[in-house]
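Undergrad: Data file entry_33.csv (CSV, C-alpha atoms) is appended below.
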chain,number,residue,atom,x,y,z
A,1,MET,CA,24.3,62.6,36.4
A,2,CYS,CA,23.5,63.7,32.9
A,3,PHE,CA,27.1,63.7,32.1
A,4,LYS,CA,27.5,60.1,33.3
A,5,ARG,CA,24.7,59.0,30.9
A,6,ALA,CA,26.2,60.7,27.8
A,7,PRO,CA,28.7,58.0,26.8
A,8,ALA,CA,26.1,55.4,26.9
A,9,LEU,CA,23.7,57.4,24.7
A,10,ALA,CA,26.5,58.2,22.3
A,11,ALA,CA,27.1,54.5,21.9
A,12,LEU,CA,23.5,53.7,21.3
A,13,LEU,CA,23.0,56.4,18.7
A,14,PRO,CA,24.7,54.6,15.7
A,15,ALA,CA,22.8,51.4,16.5
A,16,ALA,CA,19.5,53.3,16.5
A,17,VAL,CA,20.3,54.9,13.2
A,18,LEU,CA,21.2,51.5,11.7
A,19,LEU,CA,18.0,50.0,13.0
A,20,MET,CA,16.0,52.8,11.5
A,21,THR,CA,17.6,52.5,8.1
A,22,ALA,CA,17.3,48.7,8.2
A,23,LEU,CA,13.6,48.7,8.9
A,24,PRO,CA,11.7,50.9,6.4
A,25,ALA,CA,8.5,52.5,7.5
A,26,ARG,CA,6.5,50.2,5.1
A,27,ALA,CA,7.4,46.8,3.6
A,28,GLU,CA,7.9,47.0,-0.2
A,29,PRO,CA,5.1,45.2,-2.0
A,30,PRO,CA,6.3,42.3,-4.1
A,31,LEU,CA,6.9,43.0,-7.8
A,32,ALA,CA,4.3,40.4,-8.8
A,33,THR,CA,2.0,37.8,-7.5
A,34,LEU,CA,2.2,34.2,-8.7
A,35,GLU,CA,-0.5,31.6,-8.3
A,36,VAL,CA,-0.1,27.9,-9.0
A,37,ALA,CA,-2.6,25.0,-9.0
A,38,PRO,CA,-2.6,22.4,-7.8
A,39,VAL,CA,-0.8,23.3,-4.6
A,40,GLN,CA,-0.3,19.6,-3.8
A,41,CYS,CA,0.5,16.5,-5.9
A,42,VAL,CA,-0.1,13.1,-4.3
A,43,ALA,CA,1.9,10.0,-5.3
A,44,LEU,CA,1.1,6.5,-4.0
A,45,HIS,CA,4.3,5.7,-2.3
A,46,ARG,CA,6.9,7.8,-0.6
A,47,GLY,CA,9.8,8.6,-2.9
A,48,GLN,CA,7.8,8.1,-6.1
A,49,THR,CA,7.9,10.8,-8.7
A,50,CYS,CA,4.6,12.7,-8.8
A,51,HIS,CA,3.2,13.9,-12.1
A,52,PHE,CA,1.1,17.0,-12.4
A,53,ASP,CA,0.0,19.7,-14.8
A,54,ALA,CA,0.9,23.0,-13.1
A,55,ARG,CA,-1.4,25.9,-14.0
A,56,LEU,CA,0.4,29.2,-13.4
A,57,ARG,CA,-0.9,32.7,-13.4
A,58,TRP,CA,1.0,35.9,-12.5
A,59,GLN,CA,0.4,39.6,-12.4
A,60,ALA,CA,3.1,42.3,-12.1
A,61,ARG,CA,2.8,45.8,-10.7
A,62,GLN,CA,4.7,47.2,-13.7
A,63,PRO,CA,5.3,45.7,-17.2
A,64,ALA,CA,8.6,43.9,-17.6
A,65,ARG,CA,10.1,40.7,-19.0
A,66,PHE,CA,9.6,37.8,-16.6
A,67,CYS,CA,10.9,34.3,-16.5
A,68,LEU,CA,9.8,31.2,-14.6
A,69,HIS,CA,12.5,29.3,-12.7
A,70,ARG,CA,12.4,26.1,-10.7
A,71,GLY,CA,14.0,25.3,-7.4
A,72,GLY,CA,15.4,28.7,-6.4
A,73,SER,CA,18.2,28.6,-9.0
A,74,ALA,CA,18.2,31.9,-10.9
A,75,GLU,CA,21.3,30.8,-12.9
A,76,ALA,CA,19.7,27.7,-14.3
A,77,ALA,CA,17.8,27.9,-17.7
A,78,PRO,CA,14.3,29.2,-17.1
A,79,LEU,CA,11.4,27.0,-17.7
A,80,HIS,CA,9.6,29.7,-19.6
A,81,CYS,CA,10.0,33.4,-20.4
A,82,TRP,CA,7.3,35.9,-21.3
A,83,PRO,CA,7.7,38.9,-23.5
A,84,GLN,CA,7.3,42.4,-22.0
A,85,GLY,CA,4.0,42.5,-20.0
A,86,SER,CA,2.3,42.7,-16.7
A,87,GLU,CA,0.5,39.4,-16.6
A,88,GLY,CA,0.8,35.9,-17.9
A,89,ARG,CA,-0.5,32.3,-17.7
A,90,LEU,CA,1.1,28.9,-18.4
A,91,ASP,CA,0.2,25.3,-18.3
A,92,LEU,CA,3.2,23.2,-17.6
A,93,PRO,CA,3.5,19.4,-17.2
A,94,MET,CA,5.9,18.7,-14.3
A,95,GLN,CA,7.2,15.8,-12.3
A,96,ALA,CA,8.9,15.8,-8.9
A,97,ALA,CA,9.7,13.5,-6.0
A,98,SER,CA,10.0,16.4,-3.5
A,99,ASP,CA,8.4,19.9,-3.1
A,100,VAL,CA,8.7,22.2,-6.1
A,101,LEU,CA,9.5,25.8,-5.6
A,102,LEU,CA,8.6,28.0,-8.6
A,103,GLU,CA,10.0,31.5,-8.9
A,104,LEU,CA,9.1,34.3,-11.2
A,105,ARG,CA,12.1,36.5,-11.8
A,106,ARG,CA,12.5,39.7,-13.7
A,107,ALA,CA,14.7,39.5,-16.8
A,108,PRO,CA,17.5,40.2,-17.4
A,109,ASP,CA,18.5,41.2,-13.8
A,110,GLY,CA,17.0,38.1,-12.2
A,111,VAL,CA,15.3,40.0,-9.4
A,112,LEU,CA,12.9,37.7,-7.6
A,113,ALA,CA,9.4,38.9,-8.3
A,114,ALA,CA,7.2,36.2,-6.7
A,115,GLN,CA,7.3,32.6,-5.8
A,116,ALA,CA,4.9,29.7,-5.2
A,117,GLN,CA,5.3,26.1,-4.1
A,118,VAL,CA,3.8,22.7,-5.0
A,119,GLU,CA,3.9,20.2,-2.2
A,120,ILE,CA,4.7,16.6,-3.0
A,121,ALA,CA,2.8,14.2,-0.8
A,122,TRP,CA,2.1,10.5,-0.8
A,123,VAL,CA,-0.4,8.0,0.5
A,124,TYR,CA,1.8,5.2,1.9
A,125,ARG,CA,4.9,6.0,3.9
A,126,SER,CA,6.6,2.8,2.6
A,127,GLU,CA,8.4,2.9,-0.7
A,128,ARG,CA,6.9,-0.3,-2.0
A,129,ARG,CA,3.7,-2.4,-1.9
A,130,ALA,CA,3.0,-4.2,1.3
A,131,ARG,CA,4.2,-7.8,1.5
A,132,ALA,CA,0.7,-9.1,2.3
A,133,SER,CA,-0.6,-7.6,-1.0
A,134,TRP,CA,1.7,-9.9,-3.0
A,135,ARG,CA,-0.6,-12.8,-2.3
A,136,LEU,CA,-2.7,-15.0,-4.6
A,137,PHE,CA,-3.5,-18.0,-2.4
B,1,MET,CA,2.8,-35.6,24.9
B,2,THR,CA,0.1,-34.4,22.6
B,3,PHE,CA,-1.5,-30.9,22.3
B,4,THR,CA,-4.9,-29.9,21.1
B,5,ALA,CA,-5.2,-27.5,18.2
B,6,ARG,CA,-5.9,-24.6,20.5
B,7,GLN,CA,-2.9,-25.5,22.7
B,8,ARG,CA,-0.7,-25.6,19.6
B,9,LEU,CA,-1.9,-22.3,18.5
B,10,SER,CA,-1.3,-20.7,21.9
B,11,LEU,CA,2.2,-22.2,22.0
B,12,LEU,CA,3.1,-20.8,18.7
B,13,LEU,CA,1.8,-17.4,19.6
B,14,VAL,CA,3.9,-17.4,22.8
B,15,ALA,CA,7.0,-18.6,21.0
B,16,THR,CA,6.5,-15.9,18.4
B,17,LEU,CA,6.3,-13.2,21.1
B,18,MET,CA,9.2,-14.6,23.1
B,19,ALA,CA,11.5,-14.5,20.1
B,20,GLY,CA,11.6,-10.7,20.3
B,21,PRO,CA,13.8,-10.1,23.4
B,22,ALA,CA,16.1,-12.9,22.3
B,23,ALA,CA,17.1,-10.9,19.2
B,24,ALA,CA,17.4,-7.6,21.0
B,25,GLU,CA,21.1,-7.2,20.4
B,26,ASN,CA,20.9,-7.8,16.7
B,27,ILE,CA,21.9,-4.7,14.8
B,28,SER,CA,19.6,-5.6,12.0
B,29,ARG,CA,16.8,-5.1,14.3
B,30,GLU,CA,17.6,-1.4,14.5
B,31,LEU,CA,17.3,-1.3,10.7
B,32,ARG,CA,14.1,-3.2,10.9
B,33,ARG,CA,12.7,-0.9,13.5
B,34,GLY,CA,13.2,2.1,11.2
B,35,GLU,CA,11.6,0.4,8.2
B,36,SER,CA,8.7,-1.1,10.1
B,37,THR,CA,7.4,2.3,11.2
B,38,GLU,CA,7.2,3.3,7.6
B,39,ALA,CA,5.3,0.1,6.7
B,40,ASN,CA,2.7,0.6,9.4
B,41,HIS,CA,-0.7,1.5,7.9
B,42,LEU,CA,-4.4,0.7,7.9
B,43,GLU,CA,-6.6,0.8,4.9
B,44,LEU,CA,-10.4,0.5,5.0
B,45,GLY,CA,-12.6,0.6,1.9
B,46,LEU,CA,-15.4,-0.8,-0.1
B,47,GLY,CA,-15.2,-2.7,-3.4
B,48,LEU,CA,-17.5,-3.9,-6.1
B,49,LEU,CA,-16.6,-7.5,-7.0
B,50,ALA,CA,-17.8,-9.4,-10.0
B,51,THR,CA,-16.8,-13.1,-10.3
B,52,HIS,CA,-17.1,-15.8,-12.9
B,53,GLY,CA,-16.4,-19.4,-12.2
B,54,PRO,CA,-17.6,-22.6,-10.5
B,55,LYS,CA,-20.5,-22.2,-8.1
B,56,LEU,CA,-21.1,-24.2,-4.9
B,57,HIS,CA,-24.3,-25.8,-3.8
B,58,GLY,CA,-26.1,-23.9,-1.1
B,59,VAL,CA,-24.0,-20.7,-1.6
B,60,ASP,CA,-25.6,-17.5,-2.9
B,61,HIS,CA,-23.1,-16.2,-5.5
B,62,ARG,CA,-24.5,-12.7,-5.8
B,63,ASN,CA,-22.8,-11.0,-8.7
B,64,PRO,CA,-21.6,-8.3,-8.6
B,65,ARG,CA,-21.5,-7.7,-4.8
B,66,LEU,CA,-20.0,-5.2,-2.4
B,67,VAL,CA,-17.0,-6.4,-0.4
B,68,PRO,CA,-15.1,-4.8,2.3
B,69,ILE,CA,-11.4,-3.8,1.8
B,70,LEU,CA,-9.4,-4.3,4.9
B,71,SER,CA,-5.7,-4.1,4.6
B,72,GLY,CA,-2.9,-3.0,6.9
B,73,ARG,CA,0.2,-3.8,8.9
B,74,TYR,CA,1.4,-2.8,12.3
B,75,GLU,CA,4.9,-3.8,13.3
B,76,TRP,CA,6.6,-3.3,16.6
B,77,LYS,CA,10.1,-4.6,17.3
B,78,GLY,CA,9.7,-7.3,14.7
B,79,VAL,CA,6.3,-8.5,15.8
B,80,PHE,CA,3.6,-7.6,13.3
B,81,VAL,CA,-0.1,-7.9,12.7
B,82,GLU,CA,-1.3,-7.7,9.2
B,83,LEU,CA,-4.5,-7.7,7.3
B,84,GLY,CA,-4.5,-8.8,3.8
B,85,GLY,CA,-7.3,-9.0,1.2
B,86,SER,CA,-10.7,-8.6,2.8
B,87,ASP,CA,-10.7,-11.0,5.7
B,88,ARG,CA,-7.3,-12.4,6.3
B,89,LEU,CA,-5.7,-11.6,9.6
B,90,GLY,CA,-2.1,-12.6,10.2
B,91,LEU,CA,0.3,-12.4,13.2
B,92,GLY,CA,4.0,-12.8,12.7
B,93,TYR,CA,7.6,-12.1,13.6
B,94,SER,CA,10.2,-10.8,11.2
B,95,LEU,CA,13.2,-13.1,11.5
B,96,VAL,CA,15.2,-11.2,8.8
B,97,ASP,CA,14.2,-7.9,7.3
B,98,ASN,CA,16.4,-5.9,5.0
B,99,PRO,CA,15.7,-4.0,1.8
B,100,ASN,CA,16.4,-7.0,-0.4
B,101,TRP,CA,14.7,-9.8,1.4
B,102,SER,CA,12.7,-10.8,4.4
B,103,LEU,CA,11.9,-13.9,6.3
B,104,GLU,CA,8.9,-14.0,8.5
B,105,LEU,CA,7.2,-16.4,10.8
B,106,LEU,CA,3.6,-16.1,10.0
B,107,LEU,CA,0.4,-17.3,11.7
B,108,ASN,CA,-2.6,-16.6,9.6
B,109,SER,CA,-5.9,-17.8,8.2
B,110,ASN,CA,-5.1,-19.3,4.8
B,111,HIS,CA,-8.5,-20.5,3.7
B,112,ALA,CA,-11.8,-18.8,4.5
B,113,GLY,CA,-14.6,-20.9,5.7
B,114,THR,CA,-17.8,-21.4,3.7
B,115,ARG,CA,-21.3,-20.9,5.0
B,116,HIS,CA,-24.1,-22.6,3.2
B,117,GLU,CA,-27.8,-21.6,3.2
B,118,GLY,CA,-30.6,-24.0,3.8
B,119,ALA,CA,-30.8,-26.7,6.4
B,120,ALA,CA,-29.6,-29.5,4.1
B,121,TRP,CA,-26.6,-27.7,2.8
B,122,LYS,CA,-25.4,-26.6,6.3
B,123,ALA,CA,-23.7,-30.0,6.6
B,124,LEU,CA,-21.2,-28.7,4.0
B,125,ASP,CA,-20.1,-25.7,6.1
B,126,THR,CA,-16.4,-25.3,6.5
B,127,LYS,CA,-14.5,-23.1,9.0
B,128,ALA,CA,-11.5,-21.0,8.3
B,129,ASP,CA,-8.2,-22.6,9.2
B,130,HIS,CA,-5.2,-21.2,11.0
B,131,VAL,CA,-1.8,-22.0,9.6
B,132,ALA,CA,1.7,-21.4,10.8
B,133,GLY,CA,4.5,-21.1,8.4
B,134,LEU,CA,7.4,-19.2,6.9
B,135,ARG,CA,7.1,-16.5,4.3
B,136,LEU,CA,10.2,-15.5,2.3
B,137,THR,CA,10.0,-12.3,0.2
B,138,ALA,CA,12.8,-11.2,-2.1
B,139,ASN,CA,12.9,-7.8,-3.9
B,140,ARG,CA,14.9,-7.3,-7.0
B,141,GLY,CA,14.3,-3.9,-8.4
B,142,ASP,CA,10.6,-3.8,-9.4
B,143,TYR,CA,10.3,-7.6,-9.1
B,144,VAL,CA,9.1,-9.5,-6.0
B,145,TRP,CA,9.4,-13.2,-5.3
B,146,GLN,CA,7.5,-14.7,-2.5
B,147,LEU,CA,7.4,-18.2,-1.1
B,148,HIS,CA,5.1,-19.3,1.6
B,149,ALA,CA,5.1,-22.7,3.3
B,150,TRP,CA,2.6,-23.5,5.9
B,151,LYS,CA,1.1,-26.2,8.1
B,152,ASP,CA,-2.4,-26.2,9.6
B,153,VAL,CA,-2.4,-25.6,13.4
B,154,SER,CA,-6.1,-25.1,13.9
B,155,GLY,CA,-6.9,-28.8,13.7
B,156,ARG,CA,-9.4,-28.2,11.0
B,157,HIS,CA,-7.6,-30.4,8.4
B,158,ASN,CA,-4.0,-30.8,9.7
B,159,GLY,CA,-2.8,-30.4,6.1
B,160,PHE,CA,0.1,-28.4,4.7
B,161,GLY,CA,0.9,-26.5,1.6
B,162,GLY,CA,2.8,-23.7,0.0
B,163,SER,CA,2.9,-21.2,-2.7
B,164,VAL,CA,5.4,-19.4,-4.9
B,165,GLN,CA,4.6,-16.2,-6.8
B,166,LEU,CA,6.4,-13.6,-8.8
B,167,GLY,CA,5.2,-10.0,-9.0
B,168,ARG,CA,6.2,-6.8,-10.7
B,169,ALA,CA,5.2,-3.2,-10.1
B,170,TRP,CA,5.3,-0.3,-12.5
B,171,GLN,CA,4.6,3.4,-12.2
B,172,LEU,CA,2.8,5.0,-15.1
B,173,GLY,CA,2.2,8.7,-14.4
B,174,ASN,CA,0.6,8.6,-11.0
B,175,TRP,CA,-0.9,5.2,-11.7
B,176,ASN,CA,0.7,2.2,-10.0
B,177,LEU,CA,0.3,-1.0,-11.9
B,178,HIS,CA,1.2,-4.5,-10.7
B,179,ALA,CA,1.2,-8.0,-12.2
B,180,LEU,CA,1.4,-11.2,-10.2
B,181,ALA,CA,1.4,-14.9,-11.1
B,182,GLY,CA,1.9,-18.0,-9.0
B,183,VAL,CA,1.2,-21.5,-8.1
B,184,GLY,CA,-0.2,-22.9,-4.8
B,185,TYR,CA,-0.1,-26.4,-3.5
B,186,GLY,CA,-2.5,-27.9,-0.9
B,187,SER,CA,-2.1,-31.3,0.6
B,188,ALA,CA,-4.8,-33.9,0.3
B,189,LYS,CA,-6.0,-33.3,3.9
B,190,THR,CA,-6.4,-29.6,3.2
B,191,MET,CA,-8.1,-30.0,-0.2
B,192,ASN,CA,-10.4,-32.7,1.1
B,193,TYR,CA,-11.6,-30.6,4.1
B,194,PHE,CA,-12.7,-27.7,1.9
B,195,ASN,CA,-13.7,-29.6,-1.2
B,196,GLY,CA,-14.5,-33.2,-0.2
B,197,VAL,CA,-17.9,-34.6,0.6
B,198,THR,CA,-17.9,-37.2,3.4
B,199,ALA,CA,-20.4,-40.0,3.8
B,200,GLN,CA,-22.3,-38.1,6.4
B,201,GLN,CA,-22.4,-35.0,4.3
B,202,ALA,CA,-23.5,-37.0,1.3
B,203,ALA,CA,-26.3,-38.5,3.4
B,204,ALA,CA,-27.5,-35.1,4.5
B,205,THR,CA,-27.3,-33.4,1.2
B,206,GLY,CA,-27.9,-36.1,-1.4
B,207,LEU,CA,-24.6,-35.3,-3.1
B,208,ALA,CA,-22.2,-38.0,-4.1
B,209,GLU,CA,-19.3,-38.7,-1.8
B,210,TYR,CA,-16.1,-37.1,-3.0
B,211,ARG,CA,-12.5,-37.4,-1.8
B,212,ALA,CA,-10.2,-34.7,-2.9
B,213,GLY,CA,-6.5,-35.3,-3.3
B,214,GLY,CA,-3.6,-32.9,-3.0
B,215,GLY,CA,-3.3,-30.5,-5.9
B,216,VAL,CA,-1.8,-27.5,-7.5
B,217,GLY,CA,-3.8,-24.4,-8.4
B,218,MET,CA,-2.5,-21.4,-10.5
B,219,ALA,CA,-3.5,-17.8,-10.4
B,220,ALA,CA,-2.5,-14.5,-12.0
B,221,GLU,CA,-3.5,-11.0,-11.2
B,222,VAL,CA,-3.1,-7.5,-12.7
B,223,GLY,CA,-4.1,-4.4,-10.9
B,224,ALA,CA,-3.9,-0.7,-10.9
B,225,SER,CA,-4.0,1.8,-8.0
B,226,TYR,CA,-4.4,5.6,-8.2
B,227,PRO,CA,-4.0,8.1,-5.4
B,228,LEU,CA,-7.0,10.3,-5.5
B,229,ALA,CA,-5.9,12.4,-2.5
B,230,ARG,CA,-3.5,12.0,0.4
B,231,SER,CA,-5.6,9.3,2.1
B,232,TRP,CA,-7.8,8.0,-0.7
B,233,VAL,CA,-6.8,5.3,-3.2
B,234,LEU,CA,-8.8,4.0,-6.1
B,235,ARG,CA,-7.9,0.4,-7.0
B,236,SER,CA,-8.9,-2.2,-9.5
B,237,THR,CA,-7.8,-5.8,-9.7
B,238,LEU,CA,-8.4,-8.5,-12.3
B,239,ARG,CA,-7.6,-12.0,-11.2
B,240,VAL,CA,-7.8,-15.3,-13.1
B,241,GLY,CA,-7.2,-18.7,-11.7
B,242,ARG,CA,-7.1,-22.4,-12.5
B,243,ILE,CA,-8.6,-24.7,-10.0
B,244,ALA,CA,-6.6,-27.7,-8.9
B,245,ASP,CA,-7.6,-30.8,-10.9
B,246,SER,CA,-8.0,-32.8,-7.7
B,247,VAL,CA,-11.0,-30.7,-6.7
B,248,ALA,CA,-12.5,-29.8,-10.1
B,249,ASP,CA,-14.9,-32.7,-10.0
B,250,SER,CA,-16.1,-32.3,-6.5
B,251,SER,CA,-19.8,-32.8,-6.1
B,252,ARG,CA,-19.9,-29.6,-4.0
B,253,TRP,CA,-19.9,-27.7,-7.3
B,254,ARG,CA,-23.3,-26.8,-8.6
B,255,GLU,CA,-21.7,-25.4,-11.8
B,256,LYS,CA,-18.3,-27.0,-12.5
B,257,GLN,CA,-15.6,-24.9,-14.2
B,258,GLY,CA,-11.9,-25.4,-14.2
B,259,ARG,CA,-11.2,-21.6,-14.3
B,260,ALA,CA,-12.3,-18.7,-12.2
B,261,SER,CA,-12.0,-15.0,-12.6
B,262,SER,CA,-12.9,-11.9,-10.7
B,263,LEU,CA,-12.8,-8.1,-11.2
B,264,MET,CA,-12.8,-5.7,-8.3
B,265,LEU,CA,-13.1,-2.0,-8.3
B,266,GLY,CA,-12.7,-0.3,-4.9
B,267,LEU,CA,-12.1,2.9,-3.1
B,268,SER,CA,-10.2,2.9,0.2
B,269,TYR,CA,-9.1,5.3,2.9
B,270,VAL,CA,-5.6,4.9,4.2
B,271,PHE,CA,-4.9,6.0,7.8
Would you mind writing the file's structure down as structure tokens?

TA:
Amino acid sequence: MCFKRAPALAALLPAAVLLMTALPARAEPPLATLEVAPVQCVALHRGQTCHFDARLRWQARQPARFCLHRGGSAEAAPLHCWPQGSEGRLDLPMQAASDVLLELRRAPDGVLAAQAQVEIAWVYRSERRARASWRLF
Amino acid sequence: MTFTARQRLSLLLVATLMAGPAAAENISRELRRGESTEANHLELGLGLLATHGPKLHGVDHRNPRLVPILSGRYEWKGVFVELGGSDRLGLGYSLVDNPNWSLELLLNSNHAGTRHEGAAWKALDTKADHVAGLRLTANRGDYVWQLHAWKDVSGRHNGFGGSVQLGRAWQLGNWNLHALAGVGYGSAKTMNYFNGVTAQQAAATGLAEYRAGGGVGMAAEVGASYPLARSWVLRSTLRVGRIADSVADSSRWREKQGRASSLMLGLSYVF
């Protein structure tokens, strides 16, 4: 009976090893934390560009050079880079018509350290003023 | 065959509602359906209104005063209900609706009634009318043209009229600005119902008889709206107008002035 089970166990063994290596005992803490305010910008009509002043604050576990990128594109020019350090702040005027993803990446290797998002919302689902509001008489 | 005002109103309402199924196969309706959902909204708020202009006998022109802000639109398969300004309810049907222009059959109240205080002045009371008409709206970029032609179906005055206005909207940061200017015409019957003084009214009030003719009024408006939060809007509107010459000398006025202006600051919640 034991001999009959042996091939099946042998087949499962590599899968088990793979699973153990893929799932570390503890998740790696992020390289840094990034906080942004406001977390939401509200425009009047859907599709409009929303203007806001993003206040950013980050803290890293270890000092390094960090750069701020927008929209998940590490290749694009960074919005701002800090000199070697473990924390930083920035006030950044921004505008967007859809949600903004901000990423803090370590320089020069571009490793993602932390990210934060600003949601773009609106009051009216229509893209323009209501017809009844264009009325004088 | 003649109809009473109430029967005419009912017939128009039925005709408006029956027009829906007839246009069921129209492809444009599918487009309209998508857009209409986006336009559906209801807005309730409170505003502080300050006015300057002619004043009527027997009417308390408290200044400034709080006014309700009721605005909204609900459209389903081309049939819509809309609230405009503070007290104007409209029912209509979209005959054509595309991003550049729309043509709507509209049944609404075009003139608010006036309630006078004091037994003597009560004789001057007027009731809101109900008019049926067509409203054409054209969008060109940030500009909006609107034409509205109407005829009274309430039997209050049996008059007719129309208006044409041009508007423009801007975005400045998160502020939304608009400017609007236009002219409106009211026929003699309409103007006389709301501004004239009949022999009976003259006898009851001691005012001189006055017969108003048809006339043209002009108005312009600039406004600003700011989204405070996802459902809260701050808005301000400055409006100036020139009263039609044909009613400027009406004896209903306690203080005659050819021009009127108003400033409104309001806060509203958008559902």

Undergrad: What does the distance between atom CA of B:Ala188 and atom CA of B:Tyr210 come to in Å, to one decimal place?

TA: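 Interatomic distance here is 12.2 Å.
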
Undergrad: Of the candidates A:Val36, A:Ala113, A:Leu68, A:Ala97, which one gets nearest to chain B if we count all atoms listed in the file?

TA: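 Looking at the shortest contact to chain B, the residue is A:Ala97.
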
Undergrad: Please return, as a PyMOL selection string, all residues of chain B lying within 7 Å of chain A when all atoms listed in the file are considered.

TA: chain B and resi 38-39+84+167+173-174+184+219+226-227+229-231

Undergrad: Using Å and a single decimal, report how far atom CA of B:Pro68 sits from atom CA of B:Phe271.

TA: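 If I compute the distance from atom CA of B:Phe271 to atom CA of B:Pro68, I get 15.8 Å.
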
Undergrad: Considering all atoms listed in the file, return as a list in words whatever protein or nucleic-acid residues lie within 8 Å of A:Arg65, sequence-local ones (same chain, fewer than 2 positions apart) excluded.

TA: Pro63, Cys67, Cys81, Trp82, Pro83, Gln84, Gly85, Arg106, Ala107 and Pro108 of chain A

Undergrad: What does the distance from atom CA of A:Leu102 to atom CA of A:Glu35 come to in Å, to one decimal?

TA: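 Taking atom CA of A:Leu102 and atom CA of A:Glu35, their separation equals 9.8 Å.
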
Undergrad: In the coordinate frame of the file, compute which residues have an atom within 8 Å of (0.6, 35.4, -6.5) when using all atoms listed in the file, and state them as a VMD selection string.

TA: chain A and resid 32 to 36 57 to 59 114 to 116

Undergrad: Given the point (-24.2, -38.6, -2.9) in the coordinates of this file, which residues lie within 12 Å, counting all atoms listed in the file, and how would they look as a list in words?

TA: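 Collected hits near the coordinates: Gly196, Val197, Thr198, Ala199, Gln200, Gln201, Ala202, Ala203, Ala204, Thr205, Gly206, Leu207, Ala208, Glu209, Tyr210, Arg211, Ser250, Ser251 and Arg252 of chain B.
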
Undergrad: Given the choices B:Arg65, B:Asp249, B:Ala123, B:Ser154, which gets closest to B:Leu46 if the distance is worked out from only C-alpha atoms?

TA: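 That would be B:Arg65, the residue with the smallest distance to B:Leu46.
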
Undergrad: List the spatial neighbours of B:Trp145 as a list in words - criterion: any atom at most 6 Å away, all atoms listed in the file, same-chain residues fewer than 2 positions off excluded.

TA: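 Counting all atoms listed in the file, the residues come to Thr137, Ala138, Gln165 and Leu166 of chain B.
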
Undergrad: Just checking: using only C-alpha atoms, which residue out of A:Ala64, A:Leu112, A:Ala54, A:Leu31 ends up closest to A:Val100?

TA: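 Of A:Ala64, A:Leu112, A:Ala54, A:Leu31, the one nearest A:Val100, counting only C-alpha atoms, is A:Ala54.
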
Undergrad: With all atoms listed in the file as the counted atoms, please give the residues lying no more than 12 Å from B:Ala112, apart from itself and same-chain residues fewer than 3 positions off, as an MDAnalysis selection string.

TA: (chainID A and resid 137) or (chainID B and resid 85:89 108:109 115 125:131 156 193:194)

Undergrad: So which residues touch A:Glu75 within 9 Å, counting all atoms listed in the file, skipping near sequence neighbours fewer than 3 positions away, as a PyMOL selection string?

TA: chain A and resi 69+78+110

Undergrad: Measuring between only C-alpha atoms, which one of A:Val118, A:Leu79, A:Arg55, A:Glu28 shows the shortest distance to A:Leu101?

TA: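 Closest to A:Leu101 of all the choices is A:Val118.
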
Undergrad: Using all atoms listed in the file, which of the listed residues (B:Asn176, B:Asn192, B:Asn110, B:Ser236) sits closest to B:Lys151?

TA: B:Asn110

Undergrad: Which residues are near B:Gly161? Cut-off 9 Å, only C-alpha atoms, ignore same chain within fewer than 4 positions. Put them as a list in words.

TA: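 Once the nearby chain positions are removed, what remains is His148, Ala149, Trp150, Lys151, Asp152, Gly184, Tyr185, Gly186, Ser187 and Thr190 of chain B.
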